[in-house]
Each structure stands twice: as C-alpha cells, then as structure tokens.
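Take a look at the structure set out below.
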Number of protein chains: 2
Amino acid sequence: VANNRLPGEFDLIARYFKPLAANMPGAVGLDDDVCTFAPAPGDELVFTADALVAGIHFLPHDPADLVARKMLRVNLSDLAAKGARPIGYLMATAFSPDVDEAWVASFCEGLAADQAEFGIGLMGGDTVATPGPLTLSLTAIGTVPAGRAPRRSGAKAGDVVLVSGSIGDGALGLKVLRNEFLGLDETSRRFLSNRYHLPQPRVDLGRALMLSGLVHAMMDVSDGIVADLAHIAEASHLAATLRANAVPVSEPAAAILADDMSWLPLVLTGGDDYELLLTAAPDSVPDLLGIAAELDMPLTVVGEIAAGEGVTVVDRDGAVLELASQGFRHF
Amino acid sequence: VANNRLPGEFDLIARYFKPLAANMPGAVGLDDDVCTFAPAPGDELVFTADALVAGIHFLPHDPADLVARKMLRVNLSDLAAKGARPIGYLMATAFSPDVDEAWVASFCEGLAADQAEFGIGLMGGDTVATPGPLTLSLTAIGTVPAGRAPRRSGAKAGDVVLVSGSIGDGALGLKVLRNEFLGLDETSRRFLSNRYHLPQPRVDLGRALMLSGLVHAMMDVSDGIVADLAHIAEASHLAATLRANAVPVSEPAAAILADDMSWLPLVLTGGDDYELLLTAAPDSVPDLLGIAAELDMPLTVVGEIAAGEGVTVVDRDGAVLELASQGFRHF
C-alpha cells in the first residue's frame with residue numbers, strides 16, 4: 001500500500017516521532033527496537049490499551065491534533081482512576097491512503113502538547129500503511145505504589161457512590177458537533193463540544209484519592225455512568241443504586257435538560273465523560289470531599305452499594321427509571 | 001460497524017480473551033481497565049510494539065492460529081535481542097466484517113499455545129470493529145537486569161559481527177507459500193514455509209548472550225540481515241562489512257542457492273529471519289560460540305565493524321556485491 005502523500009517510514013519516524021521520544025531516555029531516540037523503563041523502588045507499573053478507528057471512534061474530519069490529544073487523554077483517564085502517575089505510551093499507527101503529511105504533523109503537534117501538559121513521553125511504537133480506515137492504537141503506562149491501585153471489584157455493601165466533575169457533557173458535545181441544540185448559546189455549544197474533544201483526565205484527583213486509602217473501588221466513566229457503575233457492581237458482586245437527580249451536570253447540560261428532560265438517558269448512558277467514579281464508606285465522604293475541594297474539583301455522592309446485583313436508576317421521588325440501553329457497546 | 005458473525009464485545013472478551021489472562025494476576029481476569037505488574041528488584045521493563053494489517057503483514061487466508069503465534073513471536077524476538085525475559089502483552093484487535101467466531105477461536109488457540117510455550121500471559125487490550133482489513137497491534141513486555149539490555153548503538157570499531165541460526169528461510173518460505181520452488185522436495189518446502197509462519201524467537205540464547213556481558217550491540221533480524229546490520233552501523237556511527245559467503249543458510253536454502261545464485265539477494269534482504277545479530281570483540285568469539293553451543297544454537301561470524309559508515313556486502317573473493325534494495329520498507 002504505497003502512500004505517496006507521506007514520506008517513507010524512516011523519514012516519517014525521524015521527522016515526527018523521534019522528537020516525541022526526546023524526553024524518554026529508555027527510548028534512545030527510537031533508534032532501538034525497544035524502550036526500557038525502571039519504576040522507582042516500591043512502585044509497580046500500570047498498563048492500559050486502546051484502539052481507535054476513523055469513522056467509528058472519531059470523526060474523519062476531526063482536527064488531527066484533537067484526535068491525538070483525546071486518544072492520549074482517554075488512556076490517561078484510565079491510569080488516573082488507578083491513582084497512577086502517567087509515564088508514557090507506545091503507539092501503533094496504521095495510516096490510510098487519505099492521510100497526508102500535514103495530518104501527521106498536526107497529529108504529532110497534538111501529542112507534543114499533551115506530552116508537555118501531562119509530563120509523559122513516547123516510548124516506542126510502529127508505523128504501517130493500511131488500505132482501510134486510519135487506525136490508531138496505544139498502550140499507556142503509569143506507575144503506582146505497589147498494590148495500591150483501586151480496582152473495580154473493591155466496592156463494599158453500604159458504600160456510597162461518588163463521581164467527579166459533571167456527567168453528560170461529552171455525549172451532548174457530540175450532538176452539538178452533529179448540529180443538535182442549535183438554539184443553545186455559542187459559549188455553551190463550545191463548552192460541550194470541547195468536553196467531547198478534549199476530556200480532562202483527573203490525574204491529580206485520582207492520585208490524591210488513591211493515596212487517601214479511603215477509596216474501595218474506582219474507575220473512569222467512559223461507557224456512561226450507568227454502564228460503568230454496572231461494571232463496578234458486577235466486579236464487586238453487589239448491586240448499585242444511582243440517583244438520577246443527584247448526578248452532577250454542567251450549566252449547559254442543565255439548560256438542555258430544563259428544556260427537554262428526554263435528554264436525560266443520553267446524559268446517563270452516552271459516555272465519553274472521563275470523570276472518576278468511586279465507592280467508599282459513608283463516613284469517608286467528608287474527607288474525600290475535602291481532598292477534591294483542595295484540587296478545586298467537584299465530587300458528588302450519587303448513589304449507594306448494597307447486596308444484590310445490577311444497577312437501579314431512581315428518579316427524584318425514588319421511582320425506578322427504565323433506560324433503553326445501559327451505554328455504548330462497541331459492536 | 002455491526003459484525004453479526006461475532007458475539008458482542010463483552011461476550012467475546014469473556015469467552016476468548018479472559019482465559020488468556022488467567023495466569024496474569026495483575027490483569028484481574030480483564031475485569032478492570034488496567035493491568036498492574038511489578039518487576040523484581042533490580043530489573044527494568046522492556047517494551048516493544050508492532051502493528052499488523054491483513055493483506056500486508058500476513059496473508060488473509062493464513063491460518064488464524066499461525067497469525068497469532070507469528071505476531072507474538074516477532075515481538076518476543078525483539079525482547080530476546082535485548083536479553084529480556086518475556087512477561088506478557090497487551091493486544092488491540094480491530095476485527096473486519098469477514099472475521100467470524102471460528103477465526104477468533106483459532107486465533108486465541110494460537111495465542112494460548114505460545115503463551116504456554118514462552119511462559120507469558122495477556123495483560124489487557126481492546127477489541128473494536130473496523131470496516132477495513134483486520135488489524136492487530138501488540139505491545140510486548142519483558143524484564144531485564146537494569147541497564148544491561150544491549151542496544152543497536154553499542155558496536156565498536158574492530159568488532160566482529162555474528163548471527164544465530166540460518167538466514168533467508170523466512171523470505172524463501174514466503175515464496176514457497178506463493179508457489180515458487182515447486183521442484184523442491186516436500187520436506188524442504190515445509191521447513192521453509194514453517195520458518196516463515198512460525199519463527200523461533202531466540203529467548204534463551206539472547207538472555208545467555210546478554211548475561212555474558214560480552215555483547216556490544218544486538219538486535220533481531222527482521223528487515224533482512226543487510227538492512228539490520230545497517231541499523232547497527234548507523235546507530236553506532238560506524239561501518240560494517242558483511243561477508244555473503246559466511247552467512248549461514250539452512251540445507252533447503254543452500255539447495256535453492258546451489259541451483260540458482262540469483263536468490264542470494266532475497267536471502268540477504270528478504271527479512272523475516274528473527275535470528276539474533278550481534279557484535280563483540282574478536283577475542284570474545286570463543287566464549288560466545290561456547291554459550292551458543294550449550295544451547296544447541298549455531299552462531300556464526302559473518303562480518304566486521306570498522307570506522308566509516310554504511311554496510312558493504314562482499315563476495316567470496318572480496319568483490320563488493322551491489323544489492324538493489326537493502327531490505328523491506330513498510331511504505
């Protein structure tokens with residue numbers, strides 16, 4: 001699969017990828033087949049991997065730098081939910097015939113921007129050509145004190161459920177990009193689309209919560225708060241209740257819901273939130289809220305864990321809300 | 001992209017991928033977003049990544065279990081060339097519409113077979129659907145005593161160049177699969193095609209060579225011995241000479257060359273060898289050959305390192321051989 005719009009593989013690596021590995025000594029300028037990395041004594045490594053296909057996981061005409069940054073941030077969000085300090089990533093790119101050098105340049109600018117913002121570096125990867133859609137995959141690596149990463153499975157009966165930030169913005173932002181909510185003011189529209197394009201992995205909050213030792217289970221919200229709470233419930237062999245009216249929403253999302261409550265299922269199941277979802281004992285709540293307040297991050301109690309199985313979403317008056325779908329499934 | 005030939009994402013993971021993570025405690029049965037891993041004190045981690053596209057890096061009708069095993073082995077070969085002990089891998093799969101459950105089942109059987117053979121486990125990954133060709137990507141992870149991994153860049157002027165096993169079998173094996181060499185006996189044909197499908201990463205030899213402390217530079221031969229020796233020369237800012245007549249070939253390859261020497265460039269540049277290519281001081285050669293002999297592995301001196309740049313391939317009588325291409329480039 002020749003791609004005449006791109007320099008050859010080795011030139012592409014030299015021009016665009018090597019600079020991204022400059023701050024990663026073990027990658028030796030990508031001049032070797034491997035990257036080495038030694039964690040600090042007492043730390044262990046945390047790994048997560050993701051694959052993205054153009055037309056499925058991002059829009060083909062999304063700006064390349066935003067595609068890059070979202071790809072990194074989605075994975076840093078997984079690390080954040082384990083209290084891990086992000087270190088770097090390996091990236092495999094399969095470039096489609098429509099990808100030209102300007103696209104790669106912009107993509108790598110996006111990577112560079114977020115590498116600087118989150119203090120990470122490129123550790124290696126592979127670059128190939130594909131006749132199919134542009135496909136990106138990434139393994140992100142972080143470190144955490146050994147044995148301290150909160151799992152999905154640690155929830156206990158009697159725990160409360162908390163979530164950081166606001167829920168639903170990413171899913172509503174995608175609708176904005178697809179020309180819904182045209183009556184909304186421009187600032188709100190930009191806020192929501194930005195939340196879709198550029199999630200904020202809660203790295204500092206995740207680390208502080210992990211270090212507190214008060215968190216029983218934690219994960220990030222990517223498939224929607226209902227589906228991800230179901231993951232915690234299932235892994236912990238318990239049931240969860242989510243109080244829909246307690247779920248924190250941003251002002252633009254609140255305005256949309258005030259106008260038309262039928263968007264509520266999308267807020268609860270649309271995903272792309274990248275907030276932290278956790279459970280802890282009720283008497284830990286004041287300490288947890290204090291930790292979040294120090295980082296200027298909202299943290300909100302949204303539900304409870306009990307014996308049983310599954311997630312029940314309840315309304316303001318305690319009535320059970322039936323949702324058509326629990327969240328995004330990949331196929 | 002619905003794929004009605006496959007179970008849903010969560011079922012696919014539960015049925016086929018979870019069993020592959022059973023021996024990896026930090027992967028907690030793939031029931032979390034991350035895998036954790038703590039190297040032994042004094043060890044560091046070694047990472048390498050690869051992407052494979054159906055129709056480019058493997059033949060669309062190659063048996064799925066062999067595709068899986070080759071994907072793993074190619075990456076274990078990179079780890080072997082750094083003396084690393086393989087630990088596990090993260091894998092991203094983008095399944096095309098033609099992939100059915102039988103394909104996935106066979107693919108995972110191949111993974112399971114090689115996990116058992118090499119003592120590794122699945123550490124995580126991602127499973128998505130793509131309208132394009134089946135695309136696989138993998139990050140392989142190993143451990144090595146900190147600071148001990150031989151790099152491409154360590155060659156010294158005056159070093160000799162050595163290579164393990166035999167060179168050219170993989171490239172000739174691909175020709176066999178494409179119906180060349182029909183005059184060759186069936187055993188030889190099977191030997192060569194097997195070398196293409198199922199390379200043998202030199203894990204034990206790589207580790208023993210690294211532990212000897214005698215290796216200055218080492219990498220595995222994937223792009224062809226000429227191209228990969230050029231990588232060592234370039235990274236080390238030196239020149240290399242390769243003596244074509246010294247390059248070790250298998251009996252079937254020797255038979256092909258005896259019949260028609262015009263296959264020599266393919267042997268030297270075809271790639272897919274996955275042997276170890278290393279440099280060391282001339283007086284280390286007896287010790288290195290002894291280490292290889294203990295593991296029943298051939299190790300052969302094939303050239304020298306000197307001041308200058310580039311690779312010169314010389315004939316039996318010292319005449320320079322011009323090769324049309326130094327090896328496989330991806331685009």
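In the structure tokens, the first chain shown is A, the next is B, and so on; residue numbers restart at 1 for each chain, and ligands run from 1 in the order shown.
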Would you mind listing what lies within 6 Å of region 19-35 of chain B as number ranges by chain, with only C-alpha atoms counted and same-chain residues fewer than 3 positions away left out?
A: 46-48, 152; B: 121-123
Write out as a list of chain:residue names the residues lying within 9 Å of Arg5 (chain B), counting only C-alpha atoms and excluding same-chain residues fewer than 5 positions away.
B:Pro97, B:Asp98, B:Val99, B:Asp100, B:Glu101
What's around region 129-140 of chain B at 8 Å? Count only C-alpha atoms, leave out sequence neighbours fewer than 3 positions away in its own chain, and write the answer as a ChimeraX atom specification.
/A:53,56,90,92,130-133,137,139,330-331 /B:1-3,47-55,71-72,75-76,79,86-97,99
Helix (DSSP H, G or I) call set, DSSP backbone run, region 43-222 of chain A, as a PyMOL selection string:
chain A and resi 64-80+101-118+152-154+169-177+186-197+203-212
Go ahead and save the picked residues with C-alpha atoms, as a PDB file, in the first residue's frame.
```
ATOM      1  CA  ALA A  64      -5.793  15.686  13.874  1.00  0.00           C
ATOM      2  CA  ASP A  65      -4.301  17.383  16.931  1.00  0.00           C
ATOM      3  CA  LEU A  66      -7.555  16.875  18.828  1.00  0.00           C
ATOM      4  CA  VAL A  67      -7.723  13.213  17.774  1.00  0.00           C
ATOM      5  CA  ALA A  68      -4.215  12.764  19.180  1.00  0.00           C
ATOM      6  CA  ARG A  69      -4.967  14.553  22.422  1.00  0.00           C
ATOM      7  CA  LYS A  70      -8.241  12.729  23.001  1.00  0.00           C
ATOM      8  CA  MET A  71      -6.545   9.377  22.364  1.00  0.00           C
ATOM      9  CA  LEU A  72      -3.920  10.171  25.000  1.00  0.00           C
ATOM     10  CA  ARG A  73      -6.397  11.628  27.479  1.00  0.00           C
ATOM     11  CA  VAL A  74      -8.809   8.725  27.306  1.00  0.00           C
ATOM     12  CA  ASN A  75      -5.963   6.439  28.333  1.00  0.00           C
ATOM     13  CA  LEU A  76      -4.553   8.812  30.929  1.00  0.00           C
ATOM     14  CA  SER A  77      -8.065   8.794  32.394  1.00  0.00           C
ATOM     15  CA  ASP A  78      -7.829   5.013  32.860  1.00  0.00           C
ATOM     16  CA  LEU A  79      -4.496   5.491  34.635  1.00  0.00           C
ATOM     17  CA  ALA A  80      -5.919   8.357  36.730  1.00  0.00           C
ATOM     18  CA  GLU A 101       1.980  14.815   5.889  1.00  0.00           C
ATOM     19  CA  ALA A 102       0.017  17.821   7.173  1.00  0.00           C
ATOM     20  CA  TRP A 103      -2.299  15.436   9.029  1.00  0.00           C
ATOM     21  CA  VAL A 104       0.654  13.641  10.642  1.00  0.00           C
ATOM     22  CA  ALA A 105       2.284  16.971  11.524  1.00  0.00           C
ATOM     23  CA  SER A 106      -0.882  18.208  13.242  1.00  0.00           C
ATOM     24  CA  PHE A 107      -1.428  14.843  14.955  1.00  0.00           C
ATOM     25  CA  CYS A 108       2.102  14.963  16.387  1.00  0.00           C
ATOM     26  CA  GLU A 109       1.636  18.589  17.491  1.00  0.00           C
ATOM     27  CA  GLY A 110      -1.351  17.403  19.496  1.00  0.00           C
ATOM     28  CA  LEU A 111       0.705  14.605  21.041  1.00  0.00           C
ATOM     29  CA  ALA A 112       3.502  17.057  21.884  1.00  0.00           C
ATOM     30  CA  ALA A 113       1.077  19.482  23.535  1.00  0.00           C
ATOM     31  CA  ASP A 114      -0.366  16.827  25.806  1.00  0.00           C
ATOM     32  CA  GLN A 115       3.015  15.228  26.485  1.00  0.00           C
ATOM     33  CA  ALA A 116       4.065  18.605  27.893  1.00  0.00           C
ATOM     34  CA  GLU A 117       0.805  19.062  29.794  1.00  0.00           C
ATOM     35  CA  PHE A 118       0.913  15.643  31.451  1.00  0.00           C
ATOM     36  CA  ARG A 152     -13.482  -2.101  40.043  1.00  0.00           C
ATOM     37  CA  SER A 153     -14.036  -5.057  42.326  1.00  0.00           C
ATOM     38  CA  GLY A 154     -13.426  -3.425  45.711  1.00  0.00           C
ATOM     39  CA  ASP A 169     -21.162  16.856  28.576  1.00  0.00           C
ATOM     40  CA  GLY A 170     -19.196  14.615  26.203  1.00  0.00           C
ATOM     41  CA  ALA A 171     -22.277  12.887  24.793  1.00  0.00           C
ATOM     42  CA  LEU A 172     -24.127  16.206  24.453  1.00  0.00           C
ATOM     43  CA  GLY A 173     -20.972  17.717  22.886  1.00  0.00           C
ATOM     44  CA  LEU A 174     -21.020  15.069  20.170  1.00  0.00           C
ATOM     45  CA  LYS A 175     -24.647  16.063  19.440  1.00  0.00           C
ATOM     46  CA  VAL A 176     -23.533  19.694  19.211  1.00  0.00           C
ATOM     47  CA  LEU A 177     -20.912  18.667  16.648  1.00  0.00           C
ATOM     48  CA  GLU A 186     -22.342  29.744  21.370  1.00  0.00           C
ATOM     49  CA  THR A 187     -20.379  29.610  24.639  1.00  0.00           C
ATOM     50  CA  SER A 188     -22.398  26.638  25.859  1.00  0.00           C
ATOM     51  CA  ARG A 189     -22.070  24.902  22.495  1.00  0.00           C
ATOM     52  CA  ARG A 190     -18.305  25.373  22.566  1.00  0.00           C
ATOM     53  CA  PHE A 191     -18.100  24.168  26.185  1.00  0.00           C
ATOM     54  CA  LEU A 192     -19.905  20.940  25.323  1.00  0.00           C
ATOM     55  CA  SER A 193     -18.032  20.192  22.080  1.00  0.00           C
ATOM     56  CA  ASN A 194     -14.765  20.888  23.881  1.00  0.00           C
ATOM     57  CA  ARG A 195     -15.708  18.393  26.582  1.00  0.00           C
ATOM     58  CA  TYR A 196     -16.202  15.834  23.794  1.00  0.00           C
ATOM     59  CA  HIS A 197     -12.948  16.614  22.007  1.00  0.00           C
ATOM     60  CA  VAL A 203      -4.802  12.602  37.223  1.00  0.00           C
ATOM     61  CA  ASP A 204      -4.201  14.680  40.360  1.00  0.00           C
ATOM     62  CA  LEU A 205      -7.578  13.871  41.880  1.00  0.00           C
ATOM     63  CA  GLY A 206      -7.181  10.147  41.158  1.00  0.00           C
ATOM     64  CA  ARG A 207      -3.764  10.102  42.771  1.00  0.00           C
ATOM     65  CA  ALA A 208      -4.917  12.033  45.843  1.00  0.00           C
ATOM     66  CA  LEU A 209      -7.943   9.764  46.262  1.00  0.00           C
ATOM     67  CA  MET A 210      -5.774   6.634  45.929  1.00  0.00           C
ATOM     68  CA  LEU A 211      -3.221   7.975  48.428  1.00  0.00           C
ATOM     69  CA  SER A 212      -6.018   8.681  50.954  1.00  0.00           C
TER      70      SER A 212
END
```
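Here the question is which of A:Asp287, A:Asp62, A:Asp185, A:Asp223 gets nearest to chain B using only C-alpha atoms, and that residue is A:Asp223.
Separating CA of Ala306 (chain B) from CA of Gly147 (chain B) is a distance of 25.4 Å.
Separating CA of Leu299 (chain A) from CA of Pro265 (chain A) is a distance of 21.2 Å.
Distances from A:Val249, A:Leu198, A:Ala230, A:Ile167 to chain B were compared using only C-alpha atoms, and the smallest one belongs to A:Ala230.
Taking only C-alpha atoms into account, chain B lies nearest to A:Ser236 out of the set A:Gln200, A:Thr279, A:Ser250, A:Ser236.
When DSSP reads the backbone of this structure, the residues of region 211-300 of chain B it assigns to strand (DSSP E) are B:Ala217, B:Met218, B:Met219, B:Asp220, B:Ala239, B:Ala240, B:Thr241, B:Leu242, B:Arg243, B:Leu276, B:Leu277, B:Leu278, B:Thr279, B:Ala280, B:Leu299, B:Thr300.
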Could those residues be written to a file, using C-alpha atoms, as a PDB file, in the first residue's frame?
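Okay, out_32.pdb is ready:
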```
ATOM      1  CA  ALA B 217      25.319  -4.391  20.151  1.00  0.00           C
ATOM      2  CA  MET B 218      22.433  -6.747  19.468  1.00  0.00           C
ATOM      3  CA  MET B 219      19.150  -6.738  17.570  1.00  0.00           C
ATOM      4  CA  ASP B 220      16.984  -9.290  15.843  1.00  0.00           C
ATOM      5  CA  ALA B 239      30.698   0.955   9.041  1.00  0.00           C
ATOM      6  CA  ALA B 240      30.017  -2.767   8.691  1.00  0.00           C
ATOM      7  CA  THR B 241      31.172  -5.396   6.230  1.00  0.00           C
ATOM      8  CA  LEU B 242      29.042  -8.473   5.629  1.00  0.00           C
ATOM      9  CA  ARG B 243      30.717 -11.496   4.002  1.00  0.00           C
ATOM     10  CA  LEU B 276      20.000 -12.545  16.637  1.00  0.00           C
ATOM     11  CA  LEU B 277      22.542 -10.202  15.042  1.00  0.00           C
ATOM     12  CA  LEU B 278      25.278  -9.003  17.364  1.00  0.00           C
ATOM     13  CA  THR B 279      28.735  -7.509  17.554  1.00  0.00           C
ATOM     14  CA  ALA B 280      31.505  -8.288  20.029  1.00  0.00           C
ATOM     15  CA  LEU B 299      26.280 -18.811  15.970  1.00  0.00           C
ATOM     16  CA  THR B 300      28.394 -17.677  13.021  1.00  0.00           C
TER      17      THR B 300
END
```
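For the pair CA of Leu289 (chain B) and CA of Gly213 (chain B), the separation is 13.9 Å.
Non-sequential neighbours of Met297 (chain B) (distance at most 7 Å, separation of 4 or more positions within a chain, only C-alpha atoms) are B:Ser164, B:Gly165, B:Ala292, B:Ala293.
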Would you save the residues from that selection as a CSV table (one decimal), in the first residue's frame, using N, CA, C and O atoms?
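Output below, filename out.csv:
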```
chain,number,residue,atom,x,y,z
B,164,SER,N,22.9,-15.7,14.7
B,164,SER,CA,22.4,-17.0,15.1
B,164,SER,C,21.7,-17.7,14.0
B,164,SER,O,21.2,-17.1,13.0
B,165,GLY,N,21.6,-19.0,14.1
B,165,GLY,CA,20.7,-19.8,13.3
B,165,GLY,C,21.0,-19.7,11.8
B,165,GLY,O,22.2,-19.6,11.4
B,292,ALA,N,26.5,-20.4,22.8
B,292,ALA,CA,25.5,-20.9,21.8
B,292,ALA,C,25.5,-22.4,21.7
B,292,ALA,O,24.4,-23.0,21.7
B,293,ALA,N,26.7,-23.0,21.8
B,293,ALA,CA,26.8,-24.4,21.6
B,293,ALA,C,26.0,-25.1,22.8
B,293,ALA,O,25.4,-26.2,22.6
```
Which residues, written as a VMD selection string, have at least one atom at most 12 Å from Ala281 (chain A), with only C-alpha atoms counted and residues fewer than 3 positions away on the same chain left out?
chain A and resid 154 to 162 213 to 217 278 284 to 288 301 303 to 306
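The closest residue to chain B, picked from A:Gly125, A:Ile13, A:Ala81, A:Gly308 and counting only C-alpha atoms, is A:Gly125.
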